[in-house]
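Reproduced below: coords.cif, with mmCIF, C-alpha atoms and all ligand atoms.
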```
data_coords
#
loop_
_atom_site.label_atom_id
_atom_site.label_comp_id
_atom_site.auth_asym_id
_atom_site.auth_seq_id
_atom_site.Cartn_x
_atom_site.Cartn_y
_atom_site.Cartn_z
CA MET A 1 0.00 0.00 0.00
CA MET A 2 1.46 3.31 -1.08
CA LEU A 3 -0.88 6.11 -0.23
CA GLY A 4 -3.06 6.49 2.87
CA ILE A 5 -5.87 9.04 2.76
CA ILE A 6 -7.80 10.47 5.67
CA ALA A 7 -10.95 12.25 4.47
CA ASP A 8 -13.02 14.47 6.72
CA ASP A 9 -16.35 13.46 5.16
CA TYR A 10 -17.82 10.61 3.16
CA THR A 11 -18.52 12.43 -0.10
CA GLY A 12 -15.05 13.96 -0.04
CA ALA A 13 -13.68 10.46 0.46
CA THR A 14 -15.38 9.04 -2.63
CA ASP A 15 -14.24 12.15 -4.52
CA ILE A 16 -10.55 11.54 -3.80
CA ALA A 17 -10.98 7.78 -4.17
CA VAL A 18 -12.29 8.11 -7.72
CA THR A 19 -9.60 10.68 -8.53
CA LEU A 20 -6.96 8.09 -7.67
CA VAL A 21 -8.85 5.33 -9.52
CA ASN A 22 -8.84 7.57 -12.61
CA GLU A 23 -5.05 7.84 -12.26
CA GLY A 24 -4.72 4.06 -12.28
CA MET A 25 -4.63 3.18 -8.57
CA ARG A 26 -6.55 0.32 -6.99
CA VAL A 27 -8.45 2.02 -4.17
CA VAL A 28 -10.59 0.80 -1.31
CA GLN A 29 -12.58 3.18 0.87
CA VAL A 30 -13.41 2.27 4.44
CA LEU A 31 -15.80 4.14 6.69
CA GLY A 32 -13.78 4.67 9.85
CA VAL A 33 -10.92 2.36 10.85
CA PRO A 34 -12.13 -1.21 10.27
CA GLU A 35 -11.49 -4.06 12.70
CA ASP A 36 -10.49 -6.34 9.85
CA ALA A 37 -7.71 -5.04 7.60
CA GLY A 38 -8.43 -7.86 5.11
CA VAL A 39 -10.92 -5.70 3.26
CA VAL A 40 -8.12 -3.48 1.90
CA ALA A 41 -5.87 -6.28 0.66
CA GLY A 42 -4.30 -5.52 -2.71
CA ALA A 43 -5.12 -1.79 -2.68
CA ASP A 44 -2.53 0.78 -3.80
CA ALA A 45 -4.36 3.45 -1.84
CA VAL A 46 -6.74 3.22 1.09
CA VAL A 47 -9.15 6.02 1.94
CA VAL A 48 -10.39 6.21 5.51
CA ALA A 49 -13.58 8.26 5.47
CA LEU A 50 -14.36 10.05 8.71
CA LYS A 51 -17.28 12.25 9.61
CA SER A 52 -14.99 14.72 11.30
CA ARG A 53 -15.53 18.01 9.48
CA THR A 54 -17.79 19.64 12.04
CA ILE A 55 -17.28 17.62 15.23
CA ALA A 56 -15.30 18.93 18.24
CA PRO A 57 -11.67 19.55 17.21
CA ALA A 58 -10.27 17.16 19.86
CA ASP A 59 -12.45 14.33 18.49
CA ALA A 60 -11.47 15.13 14.90
CA VAL A 61 -7.80 15.02 15.94
CA SER A 62 -8.05 11.71 17.79
CA GLN A 63 -10.01 10.00 15.00
CA SER A 64 -7.57 11.30 12.37
CA LEU A 65 -4.53 10.16 14.36
CA ALA A 66 -6.05 6.70 14.79
CA ALA A 67 -6.63 6.52 11.02
CA CYS A 68 -3.06 7.71 10.39
CA ASP A 69 -1.60 5.04 12.70
CA TRP A 70 -3.66 2.35 11.03
CA LEU A 71 -2.67 3.46 7.53
CA ARG A 72 1.00 3.62 8.45
CA GLY A 73 0.71 0.17 9.99
CA LEU A 74 -0.50 -1.04 6.59
CA GLY A 75 2.61 0.43 4.99
CA ALA A 76 1.37 3.80 3.68
CA ARG A 77 4.41 5.77 2.49
CA GLN A 78 2.56 9.08 2.28
CA ILE A 79 -0.50 10.40 4.12
CA PHE A 80 -3.00 12.72 2.43
CA PHE A 81 -5.44 14.70 4.54
CA LYS A 82 -8.45 15.36 2.29
CA TYR A 83 -10.73 18.26 3.13
CA CYS A 84 -13.23 20.15 1.07
CA SER A 85 -12.34 22.04 -2.09
CA THR A 86 -14.17 24.96 -0.50
CA PHE A 87 -12.12 24.59 2.72
CA ASP A 88 -15.31 23.87 4.68
CA SER A 89 -14.49 24.26 8.36
CA THR A 90 -15.88 25.80 11.50
CA ALA A 91 -14.28 28.75 13.28
CA GLN A 92 -12.46 26.28 15.60
CA GLY A 93 -11.15 24.06 12.80
CA ASN A 94 -10.98 21.24 12.04
CA ILE A 95 -8.52 21.54 9.17
CA GLY A 96 -5.80 23.31 11.17
CA PRO A 97 -5.90 21.14 14.31
CA VAL A 98 -6.01 17.88 12.33
CA ALA A 99 -3.20 18.94 9.97
CA ASP A 100 -1.07 20.03 12.97
CA ALA A 101 -1.60 16.71 14.74
CA LEU A 102 -0.89 14.62 11.63
CA GLY A 103 2.22 16.71 10.90
CA ASP A 104 3.50 16.20 14.45
CA ALA A 105 2.81 12.45 14.30
CA LEU A 106 4.66 12.17 10.99
CA GLY A 107 7.45 14.53 12.03
CA VAL A 108 7.00 16.80 9.00
CA GLY A 109 8.64 20.18 8.53
CA MET A 110 6.31 21.28 5.72
CA ALA A 111 2.94 20.36 4.30
CA PHE A 112 1.10 21.81 1.33
CA VAL A 113 -2.38 23.29 1.68
CA CYS A 114 -4.15 23.15 -1.67
CA PRO A 115 -7.92 22.81 -1.95
CA ALA A 116 -7.94 23.69 -5.68
CA PHE A 117 -10.12 21.49 -7.91
CA PRO A 118 -10.30 23.31 -11.26
CA VAL A 119 -12.53 20.77 -13.01
CA ASN A 120 -15.20 21.72 -10.47
CA LYS A 121 -14.29 25.42 -10.69
CA ARG A 122 -12.34 25.78 -7.45
CA SER A 123 -9.05 27.59 -7.98
CA VAL A 124 -6.50 29.20 -5.72
CA TYR A 125 -4.82 32.41 -6.82
CA MET A 126 -2.53 34.51 -4.62
CA GLY A 127 -3.72 32.38 -1.73
CA HIS A 128 -7.36 33.24 -2.31
CA LEU A 129 -9.92 30.52 -3.00
CA PHE A 130 -12.32 31.10 -5.88
CA VAL A 131 -15.53 29.26 -6.76
CA GLY A 132 -15.96 29.94 -10.45
CA ASP A 133 -15.34 33.67 -10.85
CA ARG A 134 -16.36 34.56 -7.27
CA LEU A 135 -14.27 34.61 -4.14
CA LEU A 136 -15.28 31.79 -1.79
CA SER A 137 -16.73 34.34 0.63
CA GLU A 138 -19.00 35.69 -2.11
CA SER A 139 -20.06 32.25 -3.34
CA PRO A 140 -23.10 30.30 -2.06
CA MET A 141 -20.69 28.74 0.49
CA LYS A 142 -21.16 31.87 2.60
CA ASP A 143 -24.56 30.43 3.57
CA HIS A 144 -23.61 26.78 4.21
CA PRO A 145 -25.77 25.43 7.08
CA LEU A 146 -22.82 24.09 9.10
CA THR A 147 -19.67 25.71 7.73
CA PRO A 148 -20.47 29.16 6.34
CA MET A 149 -17.28 30.39 4.64
CA ARG A 150 -16.97 34.16 5.07
CA ASP A 151 -13.25 34.52 4.27
CA SER A 152 -11.39 33.50 1.10
CA ASP A 153 -7.80 34.09 2.21
CA LEU A 154 -6.38 30.62 2.80
CA VAL A 155 -3.24 31.86 4.53
CA ARG A 156 -5.40 33.77 7.01
CA LEU A 157 -7.87 30.89 7.44
CA MET A 158 -5.15 28.30 8.00
CA SER A 159 -3.15 30.62 10.29
CA ALA A 160 -6.24 31.11 12.46
CA GLN A 161 -6.79 27.36 12.79
CA SER A 162 -3.20 26.16 13.13
CA ALA A 163 -0.57 26.62 15.82
CA HIS A 164 2.05 27.04 13.07
CA ASP A 165 3.04 29.74 10.60
CA VAL A 166 1.71 29.62 7.07
CA GLY A 167 3.29 30.92 3.87
CA LEU A 168 2.30 31.13 0.22
CA ILE A 169 3.71 29.62 -2.96
CA ALA A 170 2.11 31.83 -5.58
CA LEU A 171 1.16 30.95 -9.14
CA PRO A 172 4.23 32.37 -10.91
CA VAL A 173 6.41 29.96 -8.91
CA VAL A 174 4.00 27.06 -9.43
CA MET A 175 4.14 27.70 -13.19
CA GLU A 176 7.92 27.30 -13.09
CA GLY A 177 7.39 23.66 -12.18
CA PRO A 178 8.10 21.07 -9.48
CA GLN A 179 11.69 22.11 -8.73
CA ALA A 180 10.72 25.76 -8.16
CA ILE A 181 7.84 24.69 -5.93
CA ALA A 182 10.10 22.43 -3.87
CA ASP A 183 12.70 25.21 -3.55
CA ALA A 184 10.01 27.67 -2.42
CA ALA A 185 8.79 25.15 0.15
CA ARG A 186 12.32 24.78 1.53
CA ALA A 187 12.64 28.57 1.77
CA LEU A 188 9.39 28.73 3.76
CA VAL A 189 10.66 26.05 6.15
CA ALA A 190 13.82 28.13 6.65
CA GLU A 191 11.55 31.02 7.66
CA GLY A 192 9.96 28.76 10.27
CA ARG A 193 6.71 28.04 8.42
CA ARG A 194 5.02 24.65 8.61
CA TYR A 195 2.51 25.14 5.79
CA ALA A 196 2.53 26.47 2.26
CA VAL A 197 -0.75 27.46 0.68
CA VAL A 198 -0.09 26.63 -2.97
CA ASP A 199 -1.83 28.37 -5.86
CA ALA A 200 -3.33 26.22 -8.62
CA VAL A 201 -5.69 27.18 -11.42
CA CYS A 202 -5.38 24.26 -13.84
CA GLU A 203 -4.50 20.61 -13.98
CA ALA A 204 -0.89 21.26 -14.98
CA ASP A 205 -0.42 23.21 -11.74
CA LEU A 206 -1.87 20.34 -9.72
CA ARG A 207 0.42 17.82 -11.37
CA ALA A 208 3.47 20.02 -10.75
CA ILE A 209 2.50 20.38 -7.08
CA GLY A 210 2.00 16.62 -6.87
CA ARG A 211 5.51 16.04 -8.24
CA ALA A 212 6.96 18.57 -5.79
CA ALA A 213 5.29 16.69 -2.94
CA ALA A 214 6.92 13.36 -3.84
CA ASP A 215 9.10 13.22 -0.71
CA MET A 216 6.64 14.79 1.70
CA ALA A 217 5.17 12.55 4.39
CA LEU A 218 1.99 14.63 4.55
CA VAL A 219 0.00 16.44 1.87
CA THR A 220 -3.25 18.28 2.60
CA GLY A 221 -5.90 19.48 0.21
CA GLY A 222 -8.81 18.74 -2.05
CA SER A 223 -8.81 15.82 -4.43
CA GLY A 224 -7.35 17.88 -7.29
CA VAL A 225 -3.84 17.92 -5.89
CA ALA A 226 -3.98 14.14 -5.36
CA LYS A 227 -4.04 13.70 -9.14
CA GLY A 228 -0.30 14.17 -9.32
CA LEU A 229 0.59 11.68 -6.57
CA PRO A 230 0.15 8.24 -8.20
CA ALA A 231 2.87 9.08 -10.76
CA ASN A 232 5.33 9.47 -7.86
CA PHE A 233 4.74 5.78 -7.15
CA GLY A 234 5.16 4.81 -10.81
CA ILE A 235 1.40 4.48 -11.40
CA HIS A 236 -0.18 6.13 -14.43
CA ALA A 237 -3.70 6.47 -15.79
CA PRO A 238 -4.70 3.64 -18.12
CA ALA A 239 -4.70 4.74 -21.77
CA GLU A 240 -8.41 4.22 -22.02
CA GLY A 241 -10.47 3.24 -19.01
CA THR A 242 -13.63 1.19 -19.37
CA ALA A 243 -16.54 2.24 -17.21
CA HIS A 244 -17.40 -0.18 -14.43
CA TRP A 245 -20.61 0.13 -12.48
CA PRO A 246 -21.91 -1.57 -9.33
CA ASP A 247 -23.37 -5.01 -9.76
CA VAL A 248 -26.60 -4.16 -7.99
CA THR A 249 -30.15 -4.41 -9.24
CA GLY A 250 -33.17 -3.27 -7.27
CA GLY A 251 -35.21 -0.15 -6.86
CA ALA A 252 -33.79 3.37 -6.80
CA ALA A 253 -34.25 6.53 -4.73
CA VAL A 254 -32.63 9.91 -4.16
CA LEU A 255 -32.17 11.42 -0.70
CA ALA A 256 -30.94 14.99 -0.28
CA GLY A 257 -29.88 16.81 2.86
CA SER A 258 -27.50 19.18 1.11
CA CYS A 259 -28.72 22.79 0.92
CA SER A 260 -26.09 23.82 -1.61
CA ALA A 261 -27.02 25.85 -4.65
CA ALA A 262 -26.02 22.93 -6.89
CA THR A 263 -28.21 20.42 -5.05
CA ARG A 264 -31.18 22.79 -4.99
CA GLY A 265 -30.76 23.24 -8.75
CA GLN A 266 -30.64 19.47 -9.25
CA ILE A 267 -33.85 19.10 -7.24
CA ALA A 268 -35.54 21.85 -9.24
CA ARG A 269 -34.60 20.00 -12.44
CA VAL A 270 -36.71 16.92 -11.54
CA ARG A 271 -39.36 18.49 -9.28
CA ASP A 272 -42.06 18.55 -11.96
CA SER A 273 -41.42 15.13 -13.44
CA TRP A 274 -40.46 12.89 -10.48
CA PRO A 275 -42.38 12.00 -7.32
CA VAL A 276 -40.85 14.38 -4.76
CA LEU A 277 -41.39 14.80 -1.04
CA LYS A 278 -39.96 17.64 1.01
CA LEU A 279 -39.34 16.84 4.67
CA ASP A 280 -40.78 19.35 7.12
CA VAL A 281 -38.26 20.15 9.86
CA ASP A 282 -40.96 21.52 12.18
CA ARG A 283 -42.88 18.26 11.95
CA ILE A 284 -39.71 16.25 12.62
CA ALA A 285 -39.08 18.41 15.71
CA ALA A 286 -42.69 17.96 16.85
CA GLY A 287 -42.23 14.17 16.79
CA ALA A 288 -44.44 13.39 13.75
CA ASP A 289 -43.67 10.03 12.14
CA VAL A 290 -42.05 11.62 9.12
CA VAL A 291 -40.06 8.47 8.40
CA ALA A 292 -43.19 6.32 8.03
CA GLU A 293 -44.78 8.99 5.84
CA ALA A 294 -41.75 9.12 3.57
CA LEU A 295 -41.62 5.33 3.25
CA ALA A 296 -45.33 5.19 2.42
CA PHE A 297 -44.77 7.90 -0.20
CA ALA A 298 -41.95 5.88 -1.76
CA ALA A 299 -43.93 2.63 -1.61
CA ALA A 300 -46.75 4.25 -3.58
CA THR A 301 -44.64 4.85 -6.69
CA ASP A 302 -42.85 2.69 -9.23
CA ALA A 303 -40.80 5.69 -10.32
CA ILE A 304 -37.67 7.04 -8.60
CA PRO A 305 -38.73 9.04 -5.53
CA LEU A 306 -36.74 12.07 -4.40
CA ILE A 307 -36.99 12.82 -0.69
CA TYR A 308 -35.25 15.95 0.48
CA ALA A 309 -34.85 18.48 3.26
CA SER A 310 -32.76 20.87 1.19
CA SER A 311 -33.93 24.45 1.63
CA ASP A 312 -32.80 27.91 0.68
CA PRO A 313 -30.61 29.95 3.06
CA ASP A 314 -33.54 31.90 4.60
CA GLU A 315 -35.45 28.75 5.45
CA VAL A 316 -32.34 27.07 6.87
CA ALA A 317 -31.60 30.17 8.97
CA ALA A 318 -35.18 30.11 10.32
CA MET A 319 -34.87 26.44 11.34
CA GLN A 320 -31.50 27.06 12.95
CA ALA A 321 -32.88 30.02 14.87
CA LYS A 322 -35.65 27.79 16.24
CA TYR A 323 -33.72 24.60 16.98
CA GLY A 324 -30.04 25.49 16.95
CA ARG A 325 -27.63 24.80 14.10
CA ASP A 326 -26.42 21.42 15.29
CA ARG A 327 -29.80 20.13 16.42
CA ALA A 328 -31.51 21.14 13.18
CA GLY A 329 -28.76 19.41 11.20
CA ALA A 330 -28.80 16.28 13.35
CA MET A 331 -32.61 15.95 13.24
CA VAL A 332 -32.57 16.07 9.46
CA GLU A 333 -29.59 13.72 9.16
CA ASP A 334 -31.14 11.15 11.54
CA THR A 335 -34.45 11.28 9.70
CA ILE A 336 -32.85 10.79 6.30
CA ALA A 337 -30.71 7.93 7.66
CA GLU A 338 -33.84 6.14 8.97
CA ILE A 339 -35.61 6.67 5.66
CA ALA A 340 -32.59 5.20 3.85
CA ASN A 341 -32.79 2.11 6.05
CA GLY A 342 -36.47 1.69 5.28
CA LEU A 343 -35.93 2.20 1.55
CA VAL A 344 -33.19 -0.45 1.41
CA ALA A 345 -35.35 -2.85 3.43
CA ALA A 346 -38.11 -2.26 0.87
CA GLY A 347 -35.76 -3.18 -2.00
CA ARG A 348 -34.58 0.26 -3.11
CA THR A 349 -30.94 -0.70 -3.14
CA ARG A 350 -29.56 1.95 -5.53
CA LEU A 351 -29.39 5.23 -3.67
CA VAL A 352 -28.11 8.66 -4.58
CA VAL A 353 -27.42 10.68 -1.43
CA ALA A 354 -26.72 14.40 -1.71
CA GLY A 355 -24.64 16.01 1.00
CA GLY A 356 -21.48 15.06 2.88
CA GLU A 357 -22.84 15.06 6.43
CA THR A 358 -26.03 13.51 5.10
CA SER A 359 -24.07 10.72 3.40
CA GLY A 360 -22.18 10.06 6.63
CA ALA A 361 -25.43 9.67 8.53
CA VAL A 362 -26.90 7.39 5.84
CA LEU A 363 -23.89 5.08 5.65
CA ASN A 364 -23.58 4.86 9.41
CA GLY A 365 -27.32 4.14 9.61
CA LEU A 366 -27.05 1.41 6.99
CA GLY A 367 -24.01 -0.05 8.76
CA VAL A 368 -21.96 0.08 5.55
CA ARG A 369 -18.24 -0.04 6.44
CA ALA A 370 -16.45 -0.38 3.08
CA LEU A 371 -17.02 0.70 -0.52
CA ARG A 372 -15.60 -0.39 -3.86
CA ILE A 373 -15.25 2.71 -6.05
CA CYS A 374 -16.73 2.38 -9.53
CA SER A 375 -16.77 4.90 -12.41
CA GLU A 376 -17.60 8.57 -12.21
CA ILE A 377 -21.06 9.94 -12.97
CA ASP A 378 -19.78 13.50 -12.93
CA PRO A 379 -16.35 14.82 -11.80
CA GLY A 380 -15.76 13.77 -8.20
CA VAL A 381 -18.91 11.64 -7.86
CA PRO A 382 -18.59 7.90 -8.55
CA TRP A 383 -21.10 5.12 -8.12
CA CYS A 384 -19.88 2.91 -5.28
CA GLN A 385 -20.69 -0.63 -4.34
CA ALA A 386 -20.99 -1.43 -0.64
CA LEU A 387 -18.68 -4.35 0.16
CA ASP A 388 -20.81 -5.52 3.06
CA ALA A 389 -24.35 -5.13 1.68
CA PRO A 390 -26.00 -5.48 -1.76
CA VAL A 391 -26.34 -1.72 -2.09
CA ALA A 392 -25.08 0.80 -4.67
CA LEU A 393 -24.49 4.34 -3.48
CA ALA A 394 -23.60 7.60 -5.18
CA LEU A 395 -22.55 10.05 -2.50
CA LYS A 396 -22.83 13.47 -4.08
CA SER A 397 -20.85 16.31 -2.62
CA GLY A 398 -23.23 19.18 -2.09
CA ASN A 399 -21.75 21.41 -4.72
CA PHE A 400 -20.86 18.80 -7.32
CA GLY A 401 -22.73 17.41 -10.27
CA SER A 402 -24.36 18.85 -13.38
CA PRO A 403 -27.95 20.16 -13.13
CA ASP A 404 -29.29 16.84 -14.48
CA PHE A 405 -27.17 14.76 -12.09
CA PHE A 406 -30.04 12.74 -10.61
CA VAL A 407 -31.26 11.72 -14.07
CA LYS A 408 -27.74 10.95 -15.24
CA ALA A 409 -26.97 8.76 -12.21
CA PHE A 410 -29.76 6.36 -13.14
CA GLU A 411 -29.07 6.55 -16.86
CA VAL A 412 -25.65 4.99 -16.28
CA LEU A 413 -27.07 2.49 -13.74
CA PRO A 414 -30.55 1.83 -15.17
N1 LIG B 501 -34.16 22.46 6.04
C1 LIG B 501 -33.05 22.39 6.77
N2 LIG B 501 -32.87 23.16 7.88
C2 LIG B 501 -31.74 23.07 8.60
N3 LIG B 501 -30.71 22.22 8.34
C3 LIG B 501 -30.84 21.43 7.26
C4 LIG B 501 -32.02 21.47 6.44
N4 LIG B 501 -31.84 20.57 5.45
C5 LIG B 501 -30.67 20.00 5.64
N5 LIG B 501 -30.04 20.50 6.73
C6 LIG B 501 -28.72 20.13 7.27
O1 LIG B 501 -27.72 20.83 6.52
C7 LIG B 501 -26.52 20.06 6.54
C8 LIG B 501 -26.04 19.96 5.11
O2 LIG B 501 -24.75 19.44 5.12
P1 LIG B 501 -24.28 18.33 4.10
O3 LIG B 501 -25.14 17.14 4.13
O4 LIG B 501 -22.81 18.11 4.39
O5 LIG B 501 -24.45 19.04 2.69
P2 LIG B 501 -23.31 19.68 1.76
O6 LIG B 501 -22.64 18.51 1.09
O7 LIG B 501 -24.05 20.57 0.83
O8 LIG B 501 -22.31 20.37 2.64
C9 LIG B 501 -26.87 18.69 7.15
O9 LIG B 501 -26.47 18.65 8.50
C10 LIG B 501 -28.38 18.67 7.03
O10 LIG B 501 -28.99 17.83 7.99
O1 LIG B 502 -13.65 18.63 -2.12
C1 LIG B 502 -14.85 18.72 -2.28
O2 LIG B 502 -15.45 19.75 -2.65
C2 LIG B 502 -15.69 17.51 -1.96
O3 LIG B 502 -14.96 16.34 -2.08
C3 LIG B 502 -16.19 17.61 -0.57
O4 LIG B 502 -15.46 17.41 0.39
C4 LIG B 502 -17.56 18.06 -0.48
O5 LIG B 502 -18.16 18.09 0.80
P1 LIG B 502 -19.73 18.33 0.87
O6 LIG B 502 -20.03 19.53 -0.01
O7 LIG B 502 -20.05 18.56 2.30
O8 LIG B 502 -20.40 17.11 0.31
#
```
Would you encode the structure as structure tokens?
Amino acid sequence: MMLGIIADDYTGATDIAVTLVNEGMRVVQVLGVPEDAGVVAGADAVVVALKSRTIAPADAVSQSLAACDWLRGLGARQIFFKYCSTFDSTAQGNIGPVADALGDALGVGMAFVCPAFPVNKRSVYMGHLFVGDRLLSESPMKDHPLTPMRDSDLVRLMSAQSAHDVGLIALPVVMEGPQAIADAARALVAEGRRYAVVDAVCEADLRAIGRAAADMALVTGGSGVAKGLPANFGIHAPAEGTAHWPDVTGGAAVLAGSCSAATRGQIARVRDSWPVLKLDVDRIAAGADVVAEALAFAAATDAIPLIYASSDPDEVAAMQAKYGRDRAGAMVEDTIAEIANGLVAAGRTRLVVAGGETSGAVLNGLGVRALRICSEIDPGVPWCQALDAPVALALKSGNFGSPDFFVKAFEVLP
């Protein structure tokens, strides 16, 4: 095993897993550290998916260190800490505290910080994170229910979360190539800095950064920068990949807890043509049997039902004002997880789940502990086959996927 990945949410984990698969690696994704290491036999890279993005920093640190120990025990020669391409984090962390702890455990002097993922329109320029042509802080991420991002300056964000100093390797240096990037990193270490935010606006930048990171024990970032890593281990993308999809038949359903602009657009696309049910947070809070209602709704149709809680920022803010941010989120996540259980029990074994936290709740609820990564539906979103249940899952990062993603997902897996 060459590369060990620790991902702070389940959608982010499948995103980096499929990125490495596309580059020719054999990848297994586990949900938390498994008791039996046999499940990862033969993998070039192992992704440990955690649900650690918004939990207490001390818990995120201890879970990440446990994953790191386990991966190193399996022989991982490099550890990658995968966080969101929009740097999703709370004011307390958890990107800084986890990166600090992993760096200490691995004894590193320098780690890159690079959330760029140009194919999904996230780029870093002069240390500032852009979503399309907007700064992160002016993008819809400013209204995320759990991790509203109100700053775009990655050096400032990382400095606030980390105990260490942070520098910048700006685009002109990145464009000079791997040697210049490595030299700049060494210069930052000499200044006493532990991290380098690295600019990247296109795939060539990501590959150059990947090359420059060849000898680093720890790399941190979005899945884009992982593209360049397999080549360091002598692994290259197959000339022409053939699509491979889960071997799962059975009914289908879509569950959405993501309130991102992309997910809301994807819901709007099918609202008039699919059976759709919106979950009412007030009724969940009042103890109504919303799960039974949703399952009855799904049972009444032969088509693909879409069940969602996704709401616009004003509605989310109103729910959070009433119930608290964490409680509102947890109520919705628990409800969707129970619905997922009921749907699978009723034979709907091909599920699209929109939202990282939501996906974590669903997989934990289903008791799924390991996934085989299949081909991509859209950049960063593969179909996955559960290794411990006859279930196919597409875990869609909130902001990923084309407007017709839900339709597309079941076109490739009819
Ligand atoms: N109507 C709503 N009101 C309040 N919170 C909500 C509502 N709908 C969903 N949520 C919560 O918002 C959070 C969305 O996060 P997540 O699933 O990670 O989506 P994304 O991938 O877009 O970040 C979840 O905790 C979810 O339970
Ligand atoms: O890097 C990304 O953008 C994704 O892989 C990711 O982490 C998305 O998280 P959610 O938007 O919470 O699904």
Exercise. If you measure from CA of Lys82 in chain A to CA of Asp8 in chain A, what distance in Å do you get, rounded to one decimal?
Worked result: 6.4 Å
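When only C-alpha atoms are used to compute distances to Pro230 in chain A, the closest of the residues A:Arg211, A:Ser64, A:Ser260, A:Asp36 turns out to be A:Arg211.
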Sort by chain and increasing residue number a table of all residues of chain A within 7 Å of ligand LIG 502 (chain B), each with its closest pair of atoms and their distance in Å to one decimal, counting only C-alpha atoms and all ligand atoms, and write it as a Markdown table.
```
| residue | atom | partner | partner_atom | distance |
| --- | --- | --- | --- | --- |
| A:Asp9 | CA | B:LIG502 | O4 | 6.3 |
| A:Thr11 | CA | B:LIG502 | O8 | 5.1 |
| A:Gly12 | CA | B:LIG502 | O3 | 3.1 |
| A:Ala13 | CA | B:LIG502 | O3 | 6.5 |
| A:Asp15 | CA | B:LIG502 | O3 | 4.9 |
| A:Ile16 | CA | B:LIG502 | O3 | 6.7 |
| A:Tyr83 | CA | B:LIG502 | O4 | 5.5 |
| A:Cys84 | CA | B:LIG502 | O1 | 3.6 |
| A:Ser85 | CA | B:LIG502 | O1 | 3.7 |
| A:Thr86 | CA | B:LIG502 | O2 | 5.8 |
| A:Gly222 | CA | B:LIG502 | O1 | 4.8 |
| A:Ser223 | CA | B:LIG502 | O1 | 6.1 |
| A:Gly355 | CA | B:LIG502 | O8 | 4.4 |
| A:Gly356 | CA | B:LIG502 | O8 | 3.5 |
| A:Glu357 | CA | B:LIG502 | O7 | 6.1 |
| A:Gly380 | CA | B:LIG502 | O3 | 6.7 |
| A:Lys396 | CA | B:LIG502 | O8 | 6.2 |
| A:Ser397 | CA | B:LIG502 | O8 | 3.1 |
| A:Gly398 | CA | B:LIG502 | O6 | 3.8 |
| A:Asn399 | CA | B:LIG502 | O6 | 5.4 |
```
For this session: To one decimal in Å, tell me the separation between CA of Ser152 in chain A and CA of Leu136 in chain A.
Result: 5.1 Å
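In this structure, CA of Asp100 in chain A sits 23.2 Å away from CA of Val30 in chain A.
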Residues of chain A at most 7 Å from ligand LIG 501 (chain B): nearest atom pair and distance in Å, all atoms listed in the file, as a Markdown table:
```
| residue | atom | partner | partner_atom | distance |
| --- | --- | --- | --- | --- |
| A:His144 | CA | B:LIG501 | O8 | 6.7 |
| A:Pro145 | CA | B:LIG501 | O1 | 5.0 |
| A:Leu146 | CA | B:LIG501 | C7 | 6.0 |
| A:Gly257 | CA | B:LIG501 | C5 | 4.3 |
| A:Ser258 | CA | B:LIG501 | O5 | 3.4 |
| A:Cys259 | CA | B:LIG501 | O7 | 5.2 |
| A:Ser260 | CA | B:LIG501 | O7 | 4.5 |
| A:Val281 | CA | B:LIG501 | N1 | 6.1 |
| A:Ala309 | CA | B:LIG501 | N4 | 4.3 |
| A:Ser310 | CA | B:LIG501 | N4 | 4.4 |
| A:Ser311 | CA | B:LIG501 | N1 | 4.8 |
| A:Glu315 | CA | B:LIG501 | N1 | 6.4 |
| A:Val316 | CA | B:LIG501 | N2 | 4.1 |
| A:Met319 | CA | B:LIG501 | N2 | 5.2 |
| A:Gln320 | CA | B:LIG501 | C2 | 5.9 |
| A:Ala328 | CA | B:LIG501 | C2 | 5.0 |
| A:Gly329 | CA | B:LIG501 | O10 | 3.6 |
| A:Ala330 | CA | B:LIG501 | O10 | 5.6 |
| A:Met331 | CA | B:LIG501 | O10 | 6.6 |
| A:Val332 | CA | B:LIG501 | O10 | 4.3 |
| A:Glu333 | CA | B:LIG501 | O10 | 4.3 |
| A:Ala354 | CA | B:LIG501 | O6 | 6.4 |
| A:Gly355 | CA | B:LIG501 | O6 | 3.2 |
| A:Gly356 | CA | B:LIG501 | O4 | 3.7 |
| A:Glu357 | CA | B:LIG501 | O4 | 3.7 |
| A:Thr358 | CA | B:LIG501 | O3 | 3.9 |
| A:Ser359 | CA | B:LIG501 | O3 | 6.5 |
| A:Ser397 | CA | B:LIG501 | O6 | 4.7 |
| A:Gly398 | CA | B:LIG501 | O6 | 3.3 |
| A:Asn399 | CA | B:LIG501 | O7 | 6.1 |
```
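Among the candidates A:Ala285, A:Ala56, A:Leu277, A:Ala170, the one nearest to Gly324 in chain A when counting only C-alpha atoms is A:Ala285.
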For this session: Choose the residue, out of A:Gly365, A:Pro178, A:Pro246, A:Gly221, that has the smallest atom-to-atom separation from Val344 in chain A; count all atoms listed in the file.
Result: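 Checking each candidate against Val344 in chain A, we get A:Gly365 as the closest.
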Problem set entry | Pick from A:Asn120, A:Pro238, A:Ala163, A:Gly127, whichever lies nearest to Val21 in chain A using all atoms listed in the file |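 Closest to Val21 in chain A of all the choices is A:Pro238.
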